[in-house]
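Text of the file entry14.cif, holding mmCIF, C-alpha atoms:
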data_protein
loop_
_atom_site.group_PDB
_atom_site.id
_atom_site.type_symbol
_atom_site.label_atom_id
_atom_site.label_comp_id
_atom_site.auth_asym_id
_atom_site.auth_seq_id
_atom_site.Cartn_x
_atom_site.Cartn_y
_atom_site.Cartn_z
ATOM 1 C CA MET L 1 -22.586 -11.112 -18.507
ATOM 2 C CA SER L 2 -24.617 -10.565 -21.672
ATOM 3 C CA PHE L 3 -27.233 -8.009 -20.577
ATOM 4 C CA GLU L 4 -27.257 -4.427 -21.792
ATOM 5 C CA PHE L 5 -25.976 -1.873 -19.308
ATOM 6 C CA ILE L 6 -25.604 1.874 -18.988
ATOM 7 C CA ILE L 7 -22.797 3.884 -17.406
ATOM 8 C CA PRO L 8 -24.647 6.711 -15.610
ATOM 9 C CA ASP L 9 -23.495 10.288 -16.092
ATOM 10 C CA ILE L 10 -21.855 11.560 -12.906
ATOM 11 C CA VAL L 11 -19.507 14.396 -13.858
ATOM 12 C CA ASP L 12 -19.186 16.587 -16.961
ATOM 13 C CA PRO L 13 -15.373 16.493 -17.490
ATOM 14 C CA SER L 14 -15.427 19.882 -19.224
ATOM 15 C CA GLY L 15 -16.193 21.567 -15.881
ATOM 16 C CA VAL L 16 -13.516 19.843 -13.820
ATOM 17 C CA ASP L 17 -10.472 21.662 -12.462
ATOM 18 C CA SER L 18 -7.808 19.110 -13.407
ATOM 19 C CA SER L 19 -5.001 20.715 -11.410
ATOM 20 C CA PRO L 20 -3.227 18.238 -9.085
ATOM 21 C CA TYR L 21 -2.745 20.940 -6.458
ATOM 22 C CA ALA L 22 -4.943 21.869 -3.497
ATOM 23 C CA ARG L 23 -7.806 24.207 -4.370
ATOM 24 C CA ALA L 24 -8.281 27.515 -2.571
ATOM 25 C CA MET L 25 -10.558 27.233 0.460
ATOM 26 C CA ASP L 26 -11.472 29.240 3.545
ATOM 27 C CA VAL L 27 -9.922 28.095 6.814
ATOM 28 C CA LEU L 28 -12.504 28.075 9.607
ATOM 29 C CA ASN L 29 -12.305 27.679 13.378
ATOM 30 C CA GLU L 30 -14.533 26.510 16.216
ATOM 31 C CA LYS L 31 -16.081 29.962 16.708
ATOM 32 C CA SER L 32 -16.973 30.418 13.032
ATOM 33 C CA ARG L 33 -18.542 26.948 12.944
ATOM 34 C CA GLU L 34 -20.610 27.691 16.042
ATOM 35 C CA ASP L 35 -21.795 30.986 14.534
ATOM 36 C CA GLN L 36 -22.759 29.248 11.297
ATOM 37 C CA ALA L 37 -24.697 26.543 13.156
ATOM 38 C CA VAL L 38 -26.673 29.239 14.998
ATOM 39 C CA LYS L 39 -27.306 31.159 11.779
ATOM 40 C CA ASN L 40 -28.549 28.013 9.997
ATOM 41 C CA GLU L 41 -30.563 26.869 13.028
ATOM 42 C CA GLY L 42 -28.649 23.592 13.035
ATOM 43 C CA GLU L 43 -29.227 22.776 9.375
ATOM 44 C CA PRO L 44 -26.304 22.059 7.009
ATOM 45 C CA ILE L 45 -25.107 24.773 4.650
ATOM 46 C CA THR L 46 -26.577 24.283 1.174
ATOM 47 C CA ASP L 47 -26.136 27.714 -0.403
ATOM 48 C CA PHE L 48 -22.694 28.154 -1.999
ATOM 49 C CA HIS L 49 -21.311 30.722 -4.423
ATOM 50 C CA GLY L 50 -19.370 29.918 -7.579
ATOM 51 C CA THR L 51 -19.388 26.565 -9.371
ATOM 52 C CA SER L 52 -18.269 24.208 -6.615
ATOM 53 C CA ASN L 53 -18.596 23.535 -2.893
ATOM 54 C CA PRO L 54 -16.090 22.980 -0.077
ATOM 55 C CA TYR L 55 -16.392 19.183 0.034
ATOM 56 C CA ILE L 56 -15.797 18.862 -3.714
ATOM 57 C CA ASP L 57 -12.826 21.217 -3.462
ATOM 58 C CA TYR L 58 -11.266 19.699 -0.333
ATOM 59 C CA GLU L 59 -11.269 16.154 -1.756
ATOM 60 C CA SER L 60 -11.120 17.079 -5.481
ATOM 61 C CA ILE L 61 -14.080 14.728 -5.767
ATOM 62 C CA ASP L 62 -15.188 15.845 -9.230
ATOM 63 C CA LEU L 63 -11.677 15.195 -10.561
ATOM 64 C CA LEU L 64 -11.447 11.838 -8.794
ATOM 65 C CA LEU L 65 -14.809 10.670 -10.131
ATOM 66 C CA SER L 66 -13.996 11.734 -13.682
ATOM 67 C CA LEU L 67 -10.998 9.386 -13.964
ATOM 68 C CA GLN L 68 -12.815 6.125 -14.753
ATOM 69 C CA HIS L 69 -12.764 5.377 -18.488
ATOM 70 C CA PRO L 70 -13.898 1.893 -19.540
ATOM 71 C CA ARG L 71 -12.620 1.060 -23.039
ATOM 72 C CA SER L 72 -14.727 -1.983 -23.889
ATOM 73 C CA GLN L 73 -18.352 -3.077 -23.842
ATOM 74 C CA GLY L 74 -17.645 -5.398 -20.915
ATOM 75 C CA TYR L 75 -19.870 -4.761 -17.904
ATOM 76 C CA ASP L 76 -17.155 -5.735 -15.384
ATOM 77 C CA GLU L 77 -14.556 -3.288 -16.638
ATOM 78 C CA MET L 78 -15.886 -0.410 -14.523
ATOM 79 C CA CYS L 79 -15.569 -2.539 -11.371
ATOM 80 C CA PHE L 80 -12.050 -3.563 -12.415
ATOM 81 C CA ILE L 81 -10.945 0.044 -12.947
ATOM 82 C CA ILE L 82 -12.459 1.428 -9.736
ATOM 83 C CA MET L 83 -11.118 -1.385 -7.553
ATOM 84 C CA GLY L 84 -7.690 -0.946 -9.149
ATOM 85 C CA GLN L 85 -7.760 2.774 -8.416
ATOM 86 C CA ALA L 86 -8.978 2.076 -4.870
ATOM 87 C CA LYS L 87 -5.975 -0.188 -4.328
ATOM 88 C CA GLU L 88 -3.618 2.515 -5.589
ATOM 89 C CA LEU L 89 -5.100 5.043 -3.144
ATOM 90 C CA LEU L 90 -4.762 2.547 -0.300
ATOM 91 C CA PHE L 91 -1.168 1.782 -1.337
ATOM 92 C CA LYS L 92 -0.455 5.510 -1.122
ATOM 93 C CA SER L 93 -2.107 5.673 2.295
ATOM 94 C CA LEU L 94 -0.051 2.699 3.502
ATOM 95 C CA TYR L 95 3.197 4.143 2.144
ATOM 96 C CA TYR L 96 2.503 7.428 3.931
ATOM 97 C CA GLU L 97 2.140 5.521 7.215
ATOM 98 C CA LEU L 98 5.217 3.345 6.683
ATOM 99 C CA TYR L 99 7.337 6.334 5.664
ATOM 100 C CA ASN L 100 6.437 8.133 8.899
ATOM 101 C CA LEU L 101 6.789 4.921 10.887
ATOM 102 C CA GLN L 102 10.394 4.782 9.708
ATOM 103 C CA ILE L 103 10.951 8.352 10.896
ATOM 104 C CA ARG L 104 9.470 7.565 14.331
ATOM 105 C CA LEU L 105 11.666 4.492 14.746
ATOM 106 C CA ASN L 106 14.772 6.450 13.748
ATOM 107 C CA ALA L 107 13.835 8.946 16.475
ATOM 108 C CA ASP L 108 13.417 6.072 19.007
ATOM 109 C CA ASP L 109 9.772 7.095 19.320
ATOM 110 C CA ILE L 110 8.386 3.584 19.661
ATOM 111 C CA ALA L 111 5.190 4.702 21.399
ATOM 112 C CA ASN L 112 4.016 6.657 18.351
ATOM 113 C CA ALA L 113 5.356 3.923 16.076
ATOM 114 C CA PHE L 114 2.778 1.566 17.609
ATOM 115 C CA VAL L 115 -0.004 4.008 16.741
ATOM 116 C CA ILE L 116 1.138 4.094 13.111
ATOM 117 C CA LEU L 117 1.524 0.307 12.995
ATOM 118 C CA ASP L 118 -2.048 -0.162 14.171
ATOM 119 C CA ARG L 119 -3.386 1.999 11.347
ATOM 120 C CA SER L 120 -1.064 0.335 8.820
ATOM 121 C CA LYS L 121 -2.460 -3.096 9.679
ATOM 122 C CA LYS L 122 -6.016 -1.870 9.199
ATOM 123 C CA ILE L 123 -5.126 -0.365 5.813
ATOM 124 C CA ILE L 124 -3.627 -3.667 4.617
ATOM 125 C CA LYS L 125 -6.801 -5.459 5.679
ATOM 126 C CA LEU L 126 -8.773 -3.035 3.514
ATOM 127 C CA ILE L 127 -6.454 -3.743 0.582
ATOM 128 C CA ILE L 128 -6.959 -7.484 1.025
ATOM 129 C CA ASN L 129 -10.722 -6.993 1.009
ATOM 130 C CA VAL L 130 -10.583 -5.264 -2.373
ATOM 131 C CA TRP L 131 -10.012 -8.752 -3.775
ATOM 132 C CA GLU L 132 -13.386 -9.795 -2.369
ATOM 133 C CA VAL L 133 -14.930 -7.430 -4.898
ATOM 134 C CA LEU L 134 -12.537 -8.195 -7.756
ATOM 135 C CA SER L 135 -13.159 -11.926 -7.352
ATOM 136 C CA THR L 136 -16.800 -11.373 -8.352
ATOM 137 C CA ILE L 137 -15.510 -10.874 -11.913
ATOM 138 C CA LYS L 138 -15.921 -14.185 -13.710
ATOM 139 C CA THR L 139 -13.700 -15.493 -16.495
ATOM 140 C CA ASP L 140 -16.151 -14.635 -19.271
ATOM 141 C CA GLY L 141 -16.628 -11.123 -17.863
ATOM 142 C CA PHE L 142 -12.881 -10.476 -17.690
ATOM 143 C CA ASN L 143 -12.348 -11.820 -21.194
ATOM 144 C CA LYS L 144 -14.740 -9.184 -22.544
ATOM 145 C CA PHE L 145 -12.298 -6.392 -21.707
ATOM 146 C CA ARG L 146 -8.929 -8.095 -21.185
ATOM 147 C CA ASP L 147 -7.620 -7.304 -24.667
ATOM 148 C CA TYR L 148 -8.195 -3.597 -24.013
ATOM 149 C CA LEU L 149 -5.615 -3.682 -21.209
ATOM 150 C CA GLY L 150 -2.845 -3.988 -23.771
ATOM 151 C CA ALA L 151 0.328 -4.642 -21.783
ATOM 152 C CA ALA L 152 -1.066 -2.949 -18.652
ATOM 153 C CA SER L 153 -0.536 -5.031 -15.519
ATOM 154 C CA GLY L 154 -0.628 -4.521 -11.788
ATOM 155 C CA GLN L 155 3.039 -5.532 -11.668
ATOM 156 C CA LEU L 156 3.703 -2.050 -13.109
ATOM 157 C CA SER L 157 2.127 -0.302 -10.120
ATOM 158 C CA PHE L 158 4.816 2.093 -8.919
ATOM 159 C CA MET L 159 2.840 2.687 -5.719
ATOM 160 C CA TYR L 160 2.938 -1.039 -4.971
ATOM 161 C CA ARG L 161 6.710 -0.974 -5.600
ATOM 162 C CA HIS L 162 7.064 1.839 -3.068
ATOM 163 C CA ILE L 163 5.465 -0.494 -0.502
ATOM 164 C CA GLU L 164 7.687 -3.455 -1.433
ATOM 165 C CA PHE L 165 10.830 -1.329 -1.323
ATOM 166 C CA ILE L 166 10.152 0.404 1.985
ATOM 167 C CA LEU L 167 9.351 -2.959 3.580
ATOM 168 C CA GLY L 168 12.642 -4.358 2.268
ATOM 169 C CA ASN L 169 11.920 -6.382 -0.876
ATOM 170 C CA LYS L 170 14.238 -4.557 -3.290
ATOM 171 C CA ASN L 171 14.039 -5.500 -6.974
ATOM 172 C CA LYS L 172 16.165 -3.499 -9.418
ATOM 173 C CA LYS L 173 14.340 -4.766 -12.491
ATOM 174 C CA MET L 174 10.957 -3.622 -11.174
ATOM 175 C CA CYS L 175 12.456 -0.262 -10.205
ATOM 176 C CA ASP L 176 14.041 0.232 -13.630
ATOM 177 C CA ALA L 177 10.708 -0.609 -15.282
ATOM 178 C CA HIS L 178 9.736 2.988 -14.439
ATOM 179 C CA SER L 179 12.982 4.655 -15.554
ATOM 180 C CA ASN L 180 11.242 6.109 -18.619
ATOM 181 C CA VAL L 181 8.656 7.931 -16.458
ATOM 182 C CA PRO L 182 10.399 11.142 -15.323
ATOM 183 C CA HIS L 183 7.616 12.302 -12.997
ATOM 184 C CA VAL L 184 7.557 8.945 -11.145
ATOM 185 C CA TYR L 185 11.030 7.400 -11.299
ATOM 186 C CA PRO L 186 13.090 9.790 -9.098
ATOM 187 C CA ALA L 187 10.989 9.169 -5.959
ATOM 188 C CA LEU L 188 10.909 5.422 -6.622
ATOM 189 C CA LEU L 189 14.674 5.288 -7.184
ATOM 190 C CA LYS L 190 15.269 7.213 -3.958
ATOM 191 C CA ASN L 191 13.136 4.709 -2.056
ATOM 192 C CA PHE L 192 14.900 1.794 -3.770
ATOM 193 C CA SER L 193 18.322 3.208 -2.874
ATOM 194 C CA SER L 194 17.522 4.051 0.746
ATOM 195 C CA PRO L 195 17.511 1.882 3.876
ATOM 196 C CA SER L 196 14.238 0.008 4.235
ATOM 197 C CA LEU L 197 12.026 0.097 7.291
ATOM 198 C CA TYR L 198 13.568 -3.193 8.397
ATOM 199 C CA ASP L 199 17.103 -1.840 7.924
ATOM 200 C CA ASP L 200 16.196 0.936 10.338
ATOM 201 C CA VAL L 201 14.608 -1.537 12.766
ATOM 202 C CA ILE L 202 17.947 -3.361 12.772
ATOM 203 C CA LYS L 203 19.693 -0.090 13.630
ATOM 204 C CA LEU L 204 17.161 0.360 16.438
ATOM 205 C CA LEU L 205 18.129 -3.053 17.833
ATOM 206 C CA HIS L 206 21.771 -1.985 17.702
ATOM 207 C CA ARG L 207 21.061 1.284 19.534
ATOM 208 C CA ASN L 208 19.347 -0.720 22.245
ATOM 209 C CA GLY L 209 22.458 -2.765 22.933
ATOM 210 C CA TYR L 210 21.891 -5.866 20.831
ATOM 211 C CA GLN L 211 24.887 -7.248 18.943
ATOM 212 C CA VAL L 212 24.450 -6.540 15.230
ATOM 213 C CA ALA L 213 27.146 -7.348 12.689
ATOM 214 C CA PRO L 214 28.685 -4.187 11.130
ATOM 215 C CA GLU L 215 27.741 -5.318 7.601
ATOM 216 C CA CYS L 216 24.084 -5.110 8.634
ATOM 217 C CA LEU L 217 24.398 -1.451 9.608
ATOM 218 C CA GLU L 218 26.112 -0.161 6.462
ATOM 219 C CA ARG L 219 25.615 -1.937 3.160
ATOM 220 C CA ASP L 220 24.348 -1.456 -0.370
ATOM 221 C CA TRP L 221 20.678 -0.726 0.343
ATOM 222 C CA THR L 222 19.679 -1.712 -3.204
ATOM 223 C CA GLU L 223 20.755 -5.308 -2.607
ATOM 224 C CA THR L 224 18.133 -7.949 -1.816
ATOM 225 C CA TYR L 225 18.076 -8.533 1.939
ATOM 226 C CA LYS L 226 19.466 -11.870 3.109
ATOM 227 C CA ILE L 227 18.980 -13.491 6.506
ATOM 228 C CA GLN L 228 21.733 -12.512 8.935
ATOM 229 C CA PRO L 229 22.757 -14.706 11.913
ATOM 230 C CA SER L 230 23.432 -11.703 14.155
ATOM 231 C CA ILE L 231 19.932 -10.327 13.506
ATOM 232 C CA GLU L 232 18.356 -13.678 14.262
ATOM 233 C CA LYS L 233 20.339 -13.850 17.522
ATOM 234 C CA ALA L 234 19.273 -10.288 18.410
ATOM 235 C CA TRP L 235 15.600 -11.117 17.908
ATOM 236 C CA LEU L 236 15.967 -14.310 19.953
ATOM 237 C CA ASP L 237 17.382 -12.203 22.780
ATOM 238 C CA VAL L 238 14.506 -9.733 22.439
ATOM 239 C CA TYR L 239 11.979 -12.578 22.510
ATOM 240 C CA SER L 240 13.481 -14.010 25.696
ATOM 241 C CA ASP L 241 11.270 -11.421 27.428
ATOM 242 C CA PRO L 242 7.885 -11.837 25.698
ATOM 243 C CA THR L 243 5.994 -9.304 27.794
ATOM 244 C CA PRO L 244 3.910 -6.232 26.878
ATOM 245 C CA GLU L 245 6.436 -4.094 28.765
ATOM 246 C CA ASN L 246 9.162 -5.120 26.300
ATOM 247 C CA GLN L 247 8.628 -2.601 23.497
ATOM 248 C CA LEU L 248 11.005 -4.322 21.093
ATOM 249 C CA TYR L 249 9.178 -7.618 21.544
ATOM 250 C CA MET L 250 5.852 -5.900 20.839
ATOM 251 C CA LEU L 251 7.432 -4.195 17.823
ATOM 252 C CA GLY L 252 8.618 -7.563 16.525
ATOM 253 C CA GLU L 253 5.109 -8.973 16.838
ATOM 254 C CA ASP L 254 3.582 -5.983 15.044
ATOM 255 C CA LEU L 255 6.090 -6.291 12.209
ATOM 256 C CA THR L 256 5.348 -9.999 11.936
ATOM 257 C CA GLU L 257 1.657 -9.208 11.659
ATOM 258 C CA ILE L 258 2.367 -6.656 8.912
ATOM 259 C CA ALA L 259 4.316 -9.327 7.003
ATOM 260 C CA ASP L 260 1.561 -11.879 7.646
ATOM 261 C CA LEU L 261 -1.138 -9.557 6.304
ATOM 262 C CA PHE L 262 0.918 -8.717 3.236
ATOM 263 C CA SER L 263 1.385 -12.417 2.556
ATOM 264 C CA GLN L 264 -2.392 -12.791 2.785
ATOM 265 C CA TYR L 265 -2.720 -10.004 0.206
ATOM 266 C CA ARG L 266 -0.301 -11.749 -2.163
ATOM 267 C CA HIS L 267 -2.086 -15.079 -1.704
ATOM 268 C CA ARG L 268 -5.506 -13.513 -2.309
ATOM 269 C CA HIS L 269 -4.135 -11.913 -5.469
ATOM 270 C CA PHE L 270 -2.678 -15.229 -6.619
ATOM 271 C CA VAL L 271 -5.873 -17.217 -6.003
ATOM 272 C CA SER L 272 -8.107 -14.569 -7.594
ATOM 273 C CA VAL L 273 -5.997 -14.463 -10.758
ATOM 274 C CA GLU L 274 -5.911 -18.260 -10.967
ATOM 275 C CA ARG L 275 -9.688 -18.359 -10.577
ATOM 276 C CA ILE L 276 -10.232 -15.783 -13.334
ATOM 277 C CA LEU L 277 -7.394 -16.577 -15.769
ATOM 278 C CA GLY L 278 -6.229 -20.080 -15.044
ATOM 279 C CA PHE L 279 -2.691 -20.463 -16.369
ATOM 280 C CA LYS L 280 -2.855 -17.996 -19.254
ATOM 281 C CA PRO L 281 0.099 -15.606 -19.643
ATOM 282 C CA GLY L 282 -0.297 -12.271 -17.855
ATOM 283 C CA THR L 283 -1.094 -9.082 -19.739
ATOM 284 C CA GLY L 284 2.271 -7.608 -18.729
ATOM 285 C CA GLY L 285 4.276 -10.404 -20.348
ATOM 286 C CA SER L 286 4.710 -12.578 -17.242
ATOM 287 C CA ALA L 287 3.696 -16.196 -16.850
ATOM 288 C CA GLY L 288 0.638 -14.991 -14.958
ATOM 289 C CA VAL L 289 -0.223 -17.314 -12.087
ATOM 290 C CA GLY L 290 3.143 -19.065 -12.434
ATOM 291 C CA TRP L 291 4.931 -15.760 -11.807
ATOM 292 C CA LEU L 292 2.649 -14.827 -8.917
ATOM 293 C CA ARG L 293 3.192 -18.222 -7.266
ATOM 294 C CA GLU L 294 6.877 -17.364 -6.785
ATOM 295 C CA LEU L 295 5.892 -14.261 -4.791
ATOM 296 C CA VAL L 296 3.507 -15.971 -2.383
ATOM 297 C CA ASP L 297 6.255 -17.575 -0.291
ATOM 298 C CA HIS L 298 8.197 -14.335 0.253
ATOM 299 C CA ARG L 299 8.233 -12.993 3.813
ATOM 300 C CA PHE L 300 9.238 -9.528 4.931
ATOM 301 C CA PHE L 301 11.460 -9.364 8.060
ATOM 302 C CA PRO L 302 12.682 -12.973 7.605
ATOM 303 C CA GLU L 303 14.504 -13.425 10.913
ATOM 304 C CA LEU L 304 11.272 -12.757 12.786
ATOM 305 C CA TRP L 305 9.849 -15.816 11.015
ATOM 306 C CA HIS L 306 12.945 -18.023 11.389
ATOM 307 C CA ILE L 307 13.158 -17.605 15.140
ATOM 308 C CA ARG L 308 9.716 -19.224 15.638
ATOM 309 C CA THR L 309 11.309 -22.667 15.286
ATOM 310 C CA LYS L 310 13.738 -21.894 18.111
ATOM 311 C CA LEU L 311 11.351 -20.231 20.538
#
Show me, as structure tokens, the structure contained in the file I just sent.
Amino acid sequence: MSFEFIIPDIVDPSGVDSSPYARAMDVLNEKSREDQAVKNEGEPITDFHGTSNPYIDYESIDLLLSLQHPRSQGYDEMCFIIMGQAKELLFKSLYYELYNLQIRLNADDIANAFVILDRSKKIIKLIINVWEVLSTIKTDGFNKFRDYLGAASGQLSFMYRHIEFILGNKNKKMCDAHSNVPHVYPALLKNFSSPSLYDDVIKLLHRNGYQVAPECLERDWTETYKIQPSIEKAWLDVYSDPTPENQLYMLGEDLTEIADLFSQYRHRHFVSVERILGFKPGTGGSAGVGWLRELVDHRFFPELWHIRTKL
């Protein structure tokens, strides 16, 4: 794009409370809200004291909207930054759900696990749709700001790595890439070194009487997961009763859908990058599309995919 553009002023950064912690707010209740509605005759509150308002403070909106800093004169860079930040927020939302899903499954609370799985699937669909916006960036538009990325690359997203690790795709090199970031690395290393969601699903199968090999229940959780015959046999036994009343069967189908959606995300990423960059090297030192192509065929929860041939 060659037209002149303007970035509109939204927030004066000098007035923003940059603290990462929750801001002080009043806690209300149903009675206080009813009283306020009567007092305002049904109109919204518009008269606030101080230099902020409750919505800004609850969501830290002024801080959030002051974090977009294009570095070039490329029109598309603002879109690129905001969509990248949107993905990071959605990754955090997804990780929150998966982390609590793991807790529910460890507590044998499958009913609430289904509730979390439903939301998780919807979040992944939102993440996939971010690429619908990013794909509007054409090659010439991306080239106008690409050099300003330096060595920055989405492969360095620690929030994305949290998702990969909790779902079971452990990669020591991508974990160690953050070892120089002391405020990020400890949580990532803990995730990397802990049982994945799928490891705990396997333990759930075992608790429900399915024969699981001992090496699947206690192992080095940092090792890349490999297909296990006993797990495949356990899932085949579960799938011998493919009814809604069989909670483990329904869980298997939900997990398969999670893996399916994540594969769609990877494929959308791959195609979008190929469309914009072709086969140029990636900004982070990778082979770009060639490196992404290797990731497209990966499947989380592999036995759930392998059994399809035998069903």
Next on the checklist: I'd like the residues picked by the PyMOL selection byres ((chain L and resi 205) around 12) written out as a ChimeraX atom specification, using the chain letters and numbers from the file.
Outcome noted: /L:105-106,108,110,198-204,206-213,216-217,230-238,247-249,251-252
Item to check | Nearest candidate to L:Val184 (options L:Asn143, L:Asn29, L:Gln36, L:Ser157; using all atoms listed in the file) | outcome: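 Among L:Asn143, L:Asn29, L:Gln36, L:Ser157, it is L:Ser157 that comes nearest to L:Val184.
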Next on the checklist: Selection in question (the file shown): the PyMOL selection byres ((chain L and resi 61) around 12). Which residues does it include, as a list in words?
Outcome noted: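 Matching residues under the PyMOL selection byres ((chain L and resi 61) around 12) are Ile10, Val11, Pro13, Val16, Asp17, Ser18, Pro20, Ala22, Arg23, Ser52, Asn53, Pro54, Tyr55, Ile56, Asp57, Tyr58, Glu59, Ser60, Asp62, Leu63, Leu64, Leu65, Ser66 and Leu67 of chain L.
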Next on the checklist: Which residue is closest to L:Arg104? Choose from L:Gln155, L:Leu197, L:Lys144, L:Phe5 and count only C-alpha atoms.
Outcome noted: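 The answer is L:Leu197, which sits nearest to L:Arg104.
Of note, atom CA of L:Met78 and atom CA of L:Ser263 are spaced 27.1 Å apart.
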Item to check | Top pick for closest residue to L:Tyr160, considering L:His178, L:Lys190, L:Lys92, L:Arg146 and counting all atoms listed in the file | outcome: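 Closest to L:Tyr160 of all the choices is L:Lys92.
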Next on the checklist: Take the PyMOL selection byres ((chain L and resi 4) around 12), run it mentally on this structure, and tell me the resulting residues as JSON, numbers by chain.
Outcome noted: {"L": [1, 2, 3, 5, 6, 7, 73, 74, 75]}
Can I get the residues of stretch 193-289 of chain L within 10 Å of stretch 111-120 of chain L, each with the closest pair of atoms and their distance in Å to one decimal, using only C-alpha atoms, sorted chain first then ascending number, as JSON lines?
{"residue": "L:Gln247", "atom": "CA", "partner": "L:Ala111", "partner_atom": "CA", "distance": 8.3}
{"residue": "L:Met250", "atom": "CA", "partner": "L:Phe114", "partner_atom": "CA", "distance": 8.7}
{"residue": "L:Leu251", "atom": "CA", "partner": "L:Phe114", "partner_atom": "CA", "distance": 7.4}
{"residue": "L:Asp254", "atom": "CA", "partner": "L:Leu117", "partner_atom": "CA", "distance": 6.9}
{"residue": "L:Leu255", "atom": "CA", "partner": "L:Leu117", "partner_atom": "CA", "distance": 8.1}
{"residue": "L:Glu257", "atom": "CA", "partner": "L:Leu117", "partner_atom": "CA", "distance": 9.6}
{"residue": "L:Ile258", "atom": "CA", "partner": "L:Ser120", "partner_atom": "CA", "distance": 7.8}
Checklist outcome for this item: Judged by only C-alpha atoms, the minimum distance to L:His267 among L:Trp305, L:Phe48, L:Tyr95, L:Trp131 is found for L:Trp131
Checklist entry - Near L:Ile124, within 9 Å and counting all atoms listed in the file, which residues show up once chain neighbours fewer than 6 positions away are dropped, as an MDAnalysis selection string? => result chainID L and resid 90:91 94 258 261:262 265
Item to check | Atomic separation - atom CA of L:Leu134 relative to atom CA of L:Ser272, Å | outcome: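 Computed distance, atom CA of L:Ser272 to atom CA of L:Leu134, equals 7.8 Å.
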Item to check | Interatomic distance, atom CA of L:Arg293 to atom CA of L:Glu223 (Å, one decimal) | outcome: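 Calculated distance between atom CA of L:Arg293 and atom CA of L:Glu223 is 22.3 Å.
Each of L:Phe300, L:Asp12, L:Gln102, L:Ser32 was checked against L:Glu164 using only C-alpha atoms; the smallest atom-to-atom distance is that of L:Phe300.
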Taking all listed atoms of stretch 248-258 of chain L, build the axis-aligned box, pad each of the six sides by 3 Å, then write its centre and edge lengths in Å to one decimal as lines of an AutoDock Vina configuration file.
center_x = 6.3
center_y = -7.1
center_z = 15.2
size_x = 15.3
size_y = 11.8
size_z = 18.6
